[in-house]
>>> print(open('entry_14.tsv').read())   # TSV, C-alpha atoms
chain	number	residue	atom	x	y	z
A	1	MET	CA	55.45	217.96	178.20
A	2	GLU	CA	55.48	215.06	175.73
A	3	LEU	CA	56.54	211.64	176.99
A	4	GLU	CA	59.70	210.24	175.37
A	5	LYS	CA	58.30	206.75	175.22
A	6	LYS	CA	54.90	206.16	173.61
A	7	ASP	CA	54.29	202.43	173.97
A	8	TYR	CA	53.83	200.68	177.29
A	9	ASP	CA	52.86	197.22	178.44
A	10	LEU	CA	50.50	198.77	180.96
A	11	VAL	CA	49.11	202.22	181.54
A	12	ILE	CA	47.29	202.79	184.80
A	13	VAL	CA	44.88	205.69	184.92
A	14	GLY	CA	45.03	207.03	188.48
A	15	ALA	CA	47.57	206.72	191.28
A	16	GLY	CA	45.49	205.93	194.33
A	17	PRO	CA	45.83	202.82	196.50
A	18	ALA	CA	44.44	200.38	193.87
A	19	ALA	CA	46.68	201.84	191.17
A	20	LEU	CA	49.83	201.92	193.30
A	21	SER	CA	49.24	198.38	194.52
A	22	ALA	CA	48.83	197.15	190.94
A	23	ALA	CA	51.91	199.13	189.84
A	24	LEU	CA	53.96	197.59	192.62
A	25	TYR	CA	53.08	194.10	191.38
A	26	THR	CA	53.49	194.77	187.67
A	27	SER	CA	56.71	196.79	187.95
A	28	ARG	CA	58.21	194.15	190.17
A	29	GLU	CA	57.61	191.68	187.37
A	30	ASP	CA	59.23	193.96	184.80
A	31	ILE	CA	55.97	194.87	183.15
A	32	GLY	CA	56.61	198.41	181.89
A	33	THR	CA	54.10	200.46	183.86
A	34	LEU	CA	53.13	204.10	183.49
A	35	LEU	CA	50.61	205.79	185.77
A	36	PHE	CA	48.75	209.01	185.06
A	37	GLU	CA	47.52	211.09	187.99
A	38	LYS	CA	45.68	214.39	187.60
A	39	GLY	CA	45.16	214.94	191.33
A	40	ALA	CA	46.98	213.79	194.43
A	41	ILE	CA	49.15	210.68	194.33
A	42	GLY	CA	47.43	208.41	196.82
A	43	GLY	CA	43.98	209.60	195.81
A	44	LEU	CA	41.42	210.25	198.51
A	45	ALA	CA	43.58	208.30	200.96
A	46	ALA	CA	46.19	211.06	200.67
A	47	VAL	CA	43.73	213.74	201.71
A	48	THR	CA	42.25	211.69	204.56
A	49	ASP	CA	43.43	212.83	207.95
A	50	TRP	CA	43.84	209.46	209.62
A	51	VAL	CA	43.41	205.83	208.60
A	52	ASP	CA	42.63	203.38	211.40
A	53	ASN	CA	41.54	200.35	209.41
A	54	TYR	CA	44.42	199.59	207.07
A	55	PRO	CA	46.19	196.40	208.18
A	56	GLY	CA	49.75	196.64	209.42
A	57	PHE	CA	49.46	199.88	211.34
A	58	ALA	CA	48.56	199.02	214.93
A	59	LYS	CA	48.15	202.65	215.92
A	60	GLY	CA	46.69	203.85	212.62
A	61	VAL	CA	48.50	205.96	210.07
A	62	ALA	CA	48.14	209.41	208.53
A	63	GLY	CA	46.56	209.13	205.09
A	64	LEU	CA	49.32	211.21	203.55
A	65	GLU	CA	52.01	209.01	205.10
A	66	LEU	CA	50.31	205.83	203.88
A	67	ALA	CA	49.93	207.24	200.36
A	68	ASP	CA	53.56	208.31	200.26
A	69	ALA	CA	54.74	204.88	201.37
A	70	MET	CA	52.65	203.23	198.64
A	71	ARG	CA	54.07	205.62	196.04
A	72	ALA	CA	57.67	205.00	197.15
A	73	GLN	CA	57.17	201.23	197.09
A	74	ALA	CA	55.78	201.26	193.55
A	75	GLU	CA	58.50	203.63	192.32
A	76	ARG	CA	61.17	201.47	193.93
A	77	PHE	CA	60.39	198.78	191.37
A	78	GLY	CA	60.34	201.17	188.45
A	79	ALA	CA	56.75	202.37	188.12
A	80	LYS	CA	56.69	205.78	186.45
A	81	ILE	CA	54.11	208.33	187.57
A	82	GLU	CA	53.24	211.04	185.09
A	83	LEU	CA	51.47	214.11	186.46
A	84	GLY	CA	48.78	214.64	183.91
A	85	GLU	CA	45.34	213.70	182.74
A	86	VAL	CA	43.94	211.05	180.44
A	87	MET	CA	41.21	212.64	178.34
A	88	LYS	CA	40.19	209.74	176.13
A	89	VAL	CA	40.63	205.98	175.86
A	90	SER	CA	39.93	203.85	172.80
A	91	LYS	CA	40.69	200.32	171.68
A	92	GLU	CA	42.57	200.14	168.39
A	93	GLY	CA	43.36	196.62	167.19
A	94	ASN	CA	44.94	194.80	170.11
A	95	MET	CA	46.28	198.02	171.63
A	96	VAL	CA	44.63	200.70	173.73
A	97	LYS	CA	45.19	204.30	172.69
A	98	LEU	CA	45.13	207.02	175.34
A	99	GLU	CA	44.94	210.73	174.64
A	100	THR	CA	46.66	212.50	177.51
A	101	THR	CA	47.96	215.91	178.48
A	102	SER	CA	51.41	214.45	177.79
A	103	GLY	CA	50.50	213.36	174.26
A	104	GLU	CA	49.25	210.13	172.78
A	105	VAL	CA	50.25	206.90	174.51
A	106	ASN	CA	49.62	203.28	173.50
A	107	ALA	CA	49.34	200.35	175.85
A	108	LYS	CA	48.84	196.64	175.56
A	109	ALA	CA	46.66	196.80	178.66
A	110	VAL	CA	45.07	199.58	180.67
A	111	LEU	CA	43.97	199.57	184.29
A	112	ILE	CA	41.43	202.17	185.26
A	113	ALA	CA	41.79	203.06	188.91
A	114	THR	CA	40.58	206.64	188.91
A	115	GLY	CA	38.57	206.37	192.10
A	116	SER	CA	36.06	209.02	193.03
A	117	GLU	CA	35.92	212.63	194.01
A	118	TYR	CA	33.83	214.36	196.64
A	119	ARG	CA	30.38	215.23	195.37
A	120	LYS	CA	29.15	218.80	195.28
A	121	ILE	CA	25.83	219.59	196.96
A	122	GLY	CA	24.63	221.71	194.05
A	123	VAL	CA	23.08	224.54	196.07
A	124	PRO	CA	23.22	228.29	195.48
A	125	GLY	CA	26.43	229.84	196.79
A	126	GLU	CA	28.46	226.63	196.70
A	127	MET	CA	30.51	227.49	193.62
A	128	ASP	CA	30.52	231.24	194.37
A	129	TYR	CA	32.52	230.56	197.53
A	130	TYR	CA	34.55	227.58	196.28
A	131	ALA	CA	37.89	227.62	198.15
A	132	ARG	CA	36.82	230.92	199.66
A	133	GLY	CA	34.57	229.51	202.33
A	134	VAL	CA	33.37	226.25	200.78
A	135	HIS	CA	35.78	223.33	200.93
A	136	TYR	CA	36.04	219.59	200.24
A	137	CYS	CA	39.39	218.81	201.88
A	138	ALA	CA	39.73	219.23	205.63
A	139	THR	CA	43.43	218.39	205.72
A	140	CYS	CA	44.11	221.00	203.04
A	141	ASP	CA	42.02	223.90	204.26
A	142	GLY	CA	41.05	223.28	207.87
A	143	ALA	CA	43.96	225.29	209.24
A	144	PHE	CA	42.40	228.50	207.90
A	145	TYR	CA	39.59	228.19	210.42
A	146	ARG	CA	41.42	228.45	213.73
A	147	ASN	CA	38.94	229.57	216.40
A	148	LYS	CA	36.19	230.01	213.83
A	149	ARG	CA	32.76	228.46	213.41
A	150	LEU	CA	32.25	225.82	210.75
A	151	VAL	CA	29.46	223.86	209.16
A	152	VAL	CA	30.14	220.31	207.99
A	153	VAL	CA	27.58	218.94	205.54
A	154	GLY	CA	27.13	215.16	205.50
A	155	GLY	CA	26.71	212.24	207.86
A	156	GLY	CA	28.78	209.42	206.38
A	157	ASN	CA	32.24	208.18	207.33
A	158	SER	CA	34.07	211.03	205.61
A	159	ALA	CA	31.91	213.74	207.15
A	160	VAL	CA	32.35	212.35	210.66
A	161	GLN	CA	36.05	211.60	210.28
A	162	GLU	CA	36.90	214.95	208.74
A	163	GLY	CA	34.55	216.81	211.09
A	164	MET	CA	36.47	215.41	214.05
A	165	PHE	CA	39.73	216.45	212.38
A	166	LEU	CA	38.41	220.00	212.04
A	167	THR	CA	37.88	220.27	215.81
A	168	ARG	CA	41.65	220.86	215.99
A	169	PHE	CA	40.99	224.27	214.53
A	170	ALA	CA	37.35	225.30	214.78
A	171	SER	CA	35.73	226.77	217.87
A	172	HIS	CA	32.47	225.01	217.02
A	173	ILE	CA	31.07	222.83	214.25
A	174	ASP	CA	27.46	222.37	213.20
A	175	MET	CA	27.13	219.06	211.35
A	176	LEU	CA	24.14	219.09	209.03
A	177	VAL	CA	22.86	215.61	208.21
A	178	ARG	CA	20.04	215.25	205.71
A	179	SER	CA	18.63	212.07	207.31
A	180	ASN	CA	20.54	210.02	209.88
A	181	LEU	CA	24.21	209.42	210.55
A	182	LYS	CA	25.46	206.72	208.20
A	183	ALA	CA	29.00	206.54	209.52
A	184	SER	CA	30.34	203.33	211.07
A	185	ASP	CA	29.49	202.60	214.72
A	186	VAL	CA	33.12	203.13	215.66
A	187	LEU	CA	33.16	206.61	214.18
A	188	VAL	CA	29.79	207.52	215.69
A	189	LYS	CA	31.15	206.56	219.13
A	190	GLU	CA	34.23	208.67	218.45
A	191	LEU	CA	32.00	211.54	217.44
A	192	GLU	CA	30.31	211.39	220.85
A	193	LYS	CA	33.65	212.33	222.41
A	194	HIS	CA	33.60	215.58	220.45
A	195	LYS	CA	30.11	216.69	221.45
A	196	ASP	CA	31.49	219.76	223.22
A	197	LYS	CA	32.60	221.05	219.82
A	198	ILE	CA	30.37	219.29	217.28
A	199	THR	CA	26.60	219.66	217.30
A	200	VAL	CA	24.89	217.13	215.03
A	201	HIS	CA	21.64	218.29	213.40
A	202	LEU	CA	19.70	215.36	211.95
A	203	GLY	CA	17.01	215.77	209.30
A	204	VAL	CA	18.39	219.09	208.06
A	205	THR	CA	18.79	219.80	204.37
A	206	THR	CA	21.37	222.27	203.12
A	207	ASP	CA	19.64	224.69	200.78
A	208	GLU	CA	21.95	227.67	200.34
A	209	ILE	CA	25.35	229.00	201.32
A	210	VAL	CA	25.17	232.69	201.95
A	211	GLY	CA	27.96	235.23	202.18
A	212	GLU	CA	28.72	238.90	202.33
A	213	ASP	CA	31.74	240.80	201.10
A	214	LYS	CA	33.53	237.65	199.81
A	215	HIS	CA	33.02	235.77	203.10
A	216	VAL	CA	30.62	232.96	203.93
A	217	THR	CA	28.34	234.06	206.75
A	218	LYS	CA	25.68	231.37	207.09
A	219	VAL	CA	24.13	228.18	205.77
A	220	VAL	CA	20.42	228.12	205.20
A	221	GLY	CA	18.61	224.80	205.49
A	222	THR	CA	15.26	223.22	206.18
A	223	LYS	CA	14.15	221.09	209.11
A	224	ASP	CA	10.63	219.75	209.42
A	225	GLY	CA	9.50	222.16	206.74
A	226	GLN	CA	10.88	225.17	208.62
A	227	LYS	CA	13.75	227.36	207.45
A	228	VAL	CA	16.81	227.10	209.72
A	229	GLU	CA	20.03	229.13	209.65
A	230	PHE	CA	23.51	228.31	210.87
A	231	PRO	CA	25.95	231.23	211.19
A	232	THR	CA	29.41	230.12	210.07
A	233	ASP	CA	32.77	231.22	208.70
A	234	GLY	CA	33.15	228.24	206.39
A	235	VAL	CA	31.55	225.08	205.07
A	236	PHE	CA	33.12	221.67	204.52
A	237	VAL	CA	31.15	219.33	202.28
A	238	PHE	CA	31.28	215.52	202.47
A	239	VAL	CA	28.07	214.26	200.91
A	240	GLY	CA	29.26	211.24	199.00
A	241	LEU	CA	31.43	210.41	196.06
A	242	ASP	CA	31.17	210.65	192.31
A	243	PRO	CA	33.20	208.22	190.18
A	244	ASN	CA	35.84	209.66	187.88
A	245	THR	CA	34.63	208.09	184.64
A	246	LYS	CA	33.81	211.05	182.41
A	247	PHE	CA	36.92	210.43	180.30
A	248	LEU	CA	35.46	207.06	179.32
A	249	ASP	CA	32.53	208.56	177.44
A	250	GLY	CA	32.65	207.12	173.94
A	251	SER	CA	35.20	204.45	174.87
A	252	GLY	CA	32.72	201.58	174.83
A	253	VAL	CA	33.56	200.68	178.43
A	254	GLU	CA	30.33	199.69	180.13
A	255	LEU	CA	29.22	201.70	183.17
A	256	ASP	CA	26.42	201.01	185.61
A	257	GLU	CA	23.59	203.41	186.46
A	258	ARG	CA	25.86	205.27	188.92
A	259	ARG	CA	28.59	205.57	186.26
A	260	LEU	CA	30.78	203.00	188.00
A	261	ILE	CA	32.65	200.57	185.74
A	262	ARG	CA	31.31	197.08	185.31
A	263	SER	CA	33.81	194.20	185.30
A	264	ASP	CA	33.99	190.43	185.20
A	265	THR	CA	35.56	188.19	187.82
A	266	ARG	CA	39.01	188.93	186.35
A	267	LEU	CA	38.37	192.66	186.90
A	268	MET	CA	38.34	193.13	183.15
A	269	THR	CA	35.77	195.45	181.61
A	270	ASN	CA	33.69	194.54	178.56
A	271	VAL	CA	36.57	195.92	176.45
A	272	PRO	CA	39.38	193.32	176.30
A	273	GLY	CA	42.62	194.67	177.71
A	274	ILE	CA	40.94	197.36	179.81
A	275	PHE	CA	40.77	196.41	183.49
A	276	VAL	CA	39.36	198.21	186.52
A	277	ALA	CA	40.15	198.24	190.24
A	278	GLY	CA	39.29	200.21	193.35
A	279	ASP	CA	36.50	202.65	194.17
A	280	VAL	CA	35.62	203.28	190.52
A	281	ARG	CA	34.57	199.64	190.01
A	282	SER	CA	30.90	198.77	190.25
A	283	GLY	CA	30.51	196.70	193.42
A	284	ALA	CA	33.63	198.05	195.13
A	285	THR	CA	33.49	198.33	198.92
A	286	LEU	CA	35.22	201.73	199.08
A	287	GLN	CA	37.92	200.69	201.52
A	288	ILE	CA	41.64	201.32	201.12
A	289	ALA	CA	42.36	197.71	202.07
A	290	SER	CA	40.00	196.33	199.44
A	291	ALA	CA	41.33	198.78	196.85
A	292	THR	CA	44.90	197.56	197.34
A	293	GLY	CA	43.66	193.97	197.19
A	294	GLU	CA	41.85	194.66	193.94
A	295	GLY	CA	44.97	196.34	192.59
A	296	ALA	CA	47.00	193.21	193.28
A	297	THR	CA	44.33	190.99	191.73
A	298	ALA	CA	44.11	193.19	188.66
A	299	ALA	CA	47.89	193.08	188.28
A	300	LEU	CA	47.87	189.29	188.21
A	301	MET	CA	45.02	189.21	185.71
A	302	ILE	CA	46.82	191.76	183.55
A	303	ARG	CA	49.98	189.67	183.63
A	304	GLU	CA	47.98	186.71	182.35
A	305	TYR	CA	46.38	188.87	179.67
A	306	LEU	CA	49.77	190.20	178.58
A	307	GLU	CA	51.23	186.70	178.35
A	308	ASN	CA	48.47	185.81	175.89
A	309	HIS	CA	48.90	189.17	174.17
A	310	GLU	CA	52.56	188.36	173.53
A	311	LYS	CA	51.87	184.88	172.27
A	312	THR	CA	48.94	185.45	170.01
A	313	SER	CA	47.78	187.51	167.13
A	314	THR	CA	45.11	190.16	167.44
A	315	ALA	CA	42.51	187.70	166.24
A	316	THR	CA	43.46	185.08	168.79
A	317	VAL	CA	43.45	187.59	171.64
A	318	ALA	CA	40.01	188.66	170.52
A	319	THR	CA	38.85	185.06	170.57
A	320	LEU	CA	40.39	184.35	173.96
A	321	TYR	CA	38.85	187.39	175.57
A	322	GLY	CA	35.58	187.55	173.72
A	323	GLU	CA	36.23	190.61	171.58
A	324	GLY	CA	34.19	191.26	168.50
B	1	MET	CA	62.38	229.61	183.86
B	2	ALA	CA	60.63	231.59	186.57
B	3	LYS	CA	62.67	234.09	188.55
B	4	ASP	CA	61.18	233.06	191.86
B	5	ILE	CA	58.56	230.65	193.08
B	6	THR	CA	57.00	230.61	196.55
B	7	ILE	CA	54.56	227.92	197.68
B	8	PHE	CA	52.32	228.51	200.69
B	9	THR	CA	51.67	225.14	202.34
B	10	THR	CA	50.50	223.47	205.54
B	11	ASN	CA	51.69	220.29	207.26
B	12	THR	CA	48.73	218.14	206.20
B	13	CYS	CA	48.22	219.32	202.62
B	14	SER	CA	48.76	216.50	200.13
B	15	TYR	CA	48.21	218.75	197.11
B	16	CYS	CA	51.11	220.92	198.31
B	17	GLY	CA	53.35	217.88	197.90
B	18	MET	CA	52.04	217.50	194.37
B	19	VAL	CA	53.00	221.07	193.46
B	20	LYS	CA	56.48	220.48	194.84
B	21	ARG	CA	56.77	217.23	192.89
B	22	PHE	CA	55.65	218.96	189.70
B	23	LEU	CA	58.19	221.77	190.16
B	24	ASP	CA	60.93	219.25	190.98
B	25	MET	CA	60.06	217.40	187.79
B	26	LYS	CA	60.41	220.65	185.85
B	27	GLY	CA	63.75	221.42	187.53
B	28	GLN	CA	62.36	224.57	189.13
B	29	SER	CA	63.63	225.68	192.51
B	30	TYR	CA	61.14	227.18	194.97
B	31	GLN	CA	60.71	228.47	198.49
B	32	VAL	CA	58.16	227.03	200.88
B	33	VAL	CA	56.19	229.03	203.43
B	34	ASN	CA	54.56	226.61	205.85
B	35	LEU	CA	51.57	228.45	207.27
B	36	ASP	CA	51.35	226.06	210.22
B	37	GLU	CA	54.82	227.23	211.23
B	38	HIS	CA	54.30	230.82	210.09
B	39	PRO	CA	50.66	231.72	210.77
B	40	GLU	CA	51.69	235.38	210.71
B	41	ARG	CA	51.91	235.00	206.91
B	42	ASN	CA	48.29	233.83	206.51
B	43	GLN	CA	47.17	237.32	205.59
B	44	GLU	CA	49.86	237.59	202.92
B	45	ALA	CA	48.66	234.33	201.33
B	46	TYR	CA	45.07	235.47	201.60
B	47	GLU	CA	45.77	238.77	199.84
B	48	LEU	CA	47.99	237.26	197.14
B	49	SER	CA	45.28	234.74	196.29
B	50	ASN	CA	42.49	237.28	196.28
B	51	GLY	CA	40.75	235.79	199.27
B	52	ALA	CA	41.38	232.05	198.90
B	53	LEU	CA	41.28	230.05	202.11
B	54	THR	CA	43.16	227.08	200.79
B	55	VAL	CA	46.60	225.73	200.06
B	56	PRO	CA	48.68	225.27	198.04
B	57	ILE	CA	49.03	228.82	196.81
B	58	THR	CA	51.89	229.13	194.36
B	59	VAL	CA	53.27	232.57	193.55
B	60	ILE	CA	55.36	232.61	190.39
B	61	THR	CA	57.49	235.66	189.71
B	62	LYS	CA	58.46	235.77	186.07
B	63	GLN	CA	61.62	237.20	184.54
B	64	ASP	CA	59.85	240.51	183.86
B	65	ASP	CA	58.83	240.65	187.56
B	66	THR	CA	55.16	240.07	186.85
B	67	LYS	CA	53.52	237.68	189.30
B	68	GLU	CA	51.13	234.85	188.63
B	69	VAL	CA	49.27	233.21	191.49
B	70	VAL	CA	47.96	229.66	191.14
B	71	VAL	CA	45.44	228.58	193.76
B	72	GLY	CA	45.29	224.86	194.45
B	73	TYR	CA	47.00	222.05	192.57
B	74	ASN	CA	46.00	223.04	189.08
B	75	LEU	CA	48.28	221.63	186.38
B	76	GLY	CA	46.30	223.46	183.71
B	77	LYS	CA	47.44	226.76	185.22
B	78	LEU	CA	50.79	225.77	186.73
B	79	ALA	CA	52.35	224.43	183.55
B	80	PRO	CA	51.66	227.51	181.37
B	81	ALA	CA	52.68	229.84	184.20
B	82	LEU	CA	56.15	228.30	184.15
B	83	ALA	CA	56.55	228.61	180.41
>>> encode(input="entry_14.tsv", output="structure tokens")
Amino acid sequence: MELEKKDYDLVIVGAGPAALSAALYTSREDIGTLLFEKGAIGGLAAVTDWVDNYPGFAKGVAGLELADAMRAQAERFGAKIELGEVMKVSKEGNMVKLETTSGEVNAKAVLIATGSEYRKIGVPGEMDYYARGVHYCATCDGAFYRNKRLVVVGGGNSAVQEGMFLTRFASHIDMLVRSNLKASDVLVKELEKHKDKITVHLGVTTDEIVGEDKHVTKVVGTKDGQKVEFPTDGVFVFVGLDPNTKFLDGSGVELDERRLIRSDTRLMTNVPGIFVAGDVRSGATLQIASATGEGATAALMIREYLENHEKTSTATVATLYGEG
Amino acid sequence: MAKDITIFTTNTCSYCGMVKRFLDMKGQSYQVVNLDEHPERNQEAYELSNGALTVPITVITKQDDTKEVVVGYNLGKLAPALA
């Protein structure tokens, strides 16, 4: 569906915590703000079972509940969230042009807050059984494994957190960790409490996901050079994150070697008028609290940029912000 | 407009909320089957989705009574299925 309005002060790509925090600030200051979200509003926070380290919630908060509260707060001040995808971004004069599934949109400033998505392992069988035995979202798909065996692949915070969530359903979980657990000490201690249901296997690679008759039956791995097998009904994969920056190919926005977006101290990229915040920024700490903080900072920097944008010609903006 | 839309969901599924939001935005009414509350309907969802073990599963019955099943929150499939 085409958008009625084509020109915005600010377009935010993404609607996770950084984006919603920025939108709250900009909308509250009457900066016309449109967000595009191709996945879940709230981003990875919305698909996280439980958040214990976001300030203001003494007992913790469900990720979905936190995401929904952030959305409602931003919308309360007039932020508009469009369900769709931005395919391309380019700077044209002193405006930024965005090609989206809702048509072409122009913005005086753009904030990229697209976050990351869970990385695939890239082993045989993974895509063959996608959503049919191989999963990346415990809160979405865990309930299909009541009283069944599971394998969780990964040893970071997400793997441990989501593995513990899956004990609500699974009869037993084998956690396959390529090297050592890299989750926080707090989570590792929590994991200890689930040792009756979760067996952690350190130094095990995941080499293949095998199934029969449309069902996953086992995971094949390697430990100390020997082949090992883990019978299972399903596999949940949490082996790290990949930044959502593919749509920036050809935009001129500078990425680092991991395809995260480089920025200056104002959270502006090398392209004037295009800002970045949250997990997709090179140097980000991948915390919801820091993402919301970056969103707020970006909003203030964008306000300053827009004030100059209003006052000056294209040439002056270029001079002020080092374009050209 | 679709003749009938049924979404299979669970309590903790954020993408299910996104499907509902998308349908609300399109002015489409729908029924919700919460599989946490109705686990006896798991098999129905499984068969309709050709073996998917995930939610949301959206079953769209068109005016000519043909059915289209969209697995997951997939705007690229949901939007044309409503057309």
>>> interface_residues(input="entry_14.tsv", of="chain B", to="chain A", cutoff="7 Å", atoms="all atoms listed in the file", output="MDAnalysis selection string")
chainID B and resid 12:15 18 51:55
>>> atom_distance(input="entry_14.tsv", atom1="atom CA of A:Ala277", atom2="atom CA of A:Arg303")
14.6 Å
>>> closest_residue(input="entry_14.tsv", among="A:Val177, A:Ile261, A:Met268, A:Leu24", to="A:Arg76", atoms="only C-alpha atoms")
A:Leu24
>>> atom_distance(input="entry_14.tsv", atom1="atom CA of A:Thr33", atom2="atom CA of B:Gly17")
22.4 Å
>>> closest_residue(input="entry_14.tsv", among="B:Thr61, B:Tyr73, B:Glu68, B:Thr6", to="B:Tyr30", atoms="all atoms listed in the file")
B:Thr6
>>> decode(input="entry_14.tsv", residues="stretch 5-12 of chain B", atoms="all heavy atoms", output="mmCIF file, in the first residue's frame")
data_model
loop_
_atom_site.group_PDB
_atom_site.id
_atom_site.type_symbol
_atom_site.label_atom_id
_atom_site.label_comp_id
_atom_site.auth_asym_id
_atom_site.auth_seq_id
_atom_site.Cartn_x
_atom_site.Cartn_y
_atom_site.Cartn_z
ATOM 1 N N ILE B 5 -10.528 -15.375 8.024
ATOM 2 C CA ILE B 5 -9.100 -15.474 8.350
ATOM 3 C C ILE B 5 -8.971 -16.050 9.758
ATOM 4 O O ILE B 5 -9.623 -15.576 10.701
ATOM 5 C CB ILE B 5 -8.395 -14.104 8.295
ATOM 6 C CG1 ILE B 5 -8.487 -13.519 6.873
ATOM 7 C CG2 ILE B 5 -6.928 -14.227 8.718
ATOM 8 C CD1 ILE B 5 -7.909 -12.124 6.737
ATOM 9 N N THR B 6 -8.142 -17.073 9.900
ATOM 10 C CA THR B 6 -7.861 -17.649 11.216
ATOM 11 C C THR B 6 -6.359 -17.610 11.450
ATOM 12 O O THR B 6 -5.580 -18.025 10.593
ATOM 13 C CB THR B 6 -8.350 -19.105 11.298
ATOM 14 O OG1 THR B 6 -9.759 -19.125 11.033
ATOM 15 C CG2 THR B 6 -8.077 -19.711 12.660
ATOM 16 N N ILE B 7 -5.980 -17.076 12.622
ATOM 17 C CA ILE B 7 -4.550 -17.036 12.974
ATOM 18 C C ILE B 7 -4.319 -17.997 14.145
ATOM 19 O O ILE B 7 -4.979 -17.883 15.179
ATOM 20 C CB ILE B 7 -4.101 -15.634 13.419
ATOM 21 C CG1 ILE B 7 -4.639 -14.550 12.484
ATOM 22 C CG2 ILE B 7 -2.582 -15.555 13.489
ATOM 23 C CD1 ILE B 7 -4.426 -13.146 13.032
ATOM 24 N N PHE B 8 -3.389 -18.924 13.963
ATOM 25 C CA PHE B 8 -2.955 -19.785 15.057
ATOM 26 C C PHE B 8 -1.806 -19.072 15.770
ATOM 27 O O PHE B 8 -0.815 -18.678 15.119
ATOM 28 C CB PHE B 8 -2.505 -21.149 14.531
ATOM 29 C CG PHE B 8 -3.649 -21.970 13.989
ATOM 30 C CD1 PHE B 8 -4.068 -21.832 12.670
ATOM 31 C CD2 PHE B 8 -4.318 -22.869 14.814
ATOM 32 C CE1 PHE B 8 -5.136 -22.576 12.172
ATOM 33 C CE2 PHE B 8 -5.385 -23.625 14.328
ATOM 34 C CZ PHE B 8 -5.796 -23.478 12.995
ATOM 35 N N THR B 9 -1.952 -18.901 17.085
ATOM 36 C CA THR B 9 -0.976 -18.124 17.855
ATOM 37 C C THR B 9 -0.579 -18.872 19.129
ATOM 38 O O THR B 9 -1.148 -19.923 19.431
ATOM 39 C CB THR B 9 -1.562 -16.766 18.297
ATOM 40 O OG1 THR B 9 -2.541 -17.012 19.305
ATOM 41 C CG2 THR B 9 -2.197 -16.021 17.150
ATOM 42 N N THR B 10 0.382 -18.311 19.851
ATOM 43 C CA THR B 10 0.649 -18.728 21.235
ATOM 44 C C THR B 10 0.765 -17.465 22.082
ATOM 45 O O THR B 10 0.820 -16.356 21.549
ATOM 46 C CB THR B 10 1.955 -19.540 21.365
ATOM 47 O OG1 THR B 10 3.044 -18.703 20.959
ATOM 48 C CG2 THR B 10 1.934 -20.800 20.524
ATOM 49 N N ASN B 11 0.852 -17.654 23.401
ATOM 50 C CA ASN B 11 0.891 -16.496 24.307
ATOM 51 C C ASN B 11 2.135 -15.636 24.133
ATOM 52 O O ASN B 11 2.099 -14.432 24.356
ATOM 53 C CB ASN B 11 0.837 -16.964 25.768
ATOM 54 C CG ASN B 11 -0.524 -17.534 26.118
ATOM 55 O OD1 ASN B 11 -1.535 -17.128 25.555
ATOM 56 N ND2 ASN B 11 -0.548 -18.485 27.036
ATOM 57 N N THR B 12 3.255 -16.262 23.780
ATOM 58 C CA THR B 12 4.536 -15.543 23.809
ATOM 59 C C THR B 12 5.051 -15.158 22.423
ATOM 60 O O THR B 12 6.202 -14.754 22.283
ATOM 61 C CB THR B 12 5.603 -16.406 24.506
ATOM 62 O OG1 THR B 12 5.653 -17.679 23.856
ATOM 63 C CG2 THR B 12 5.311 -16.591 25.984
#
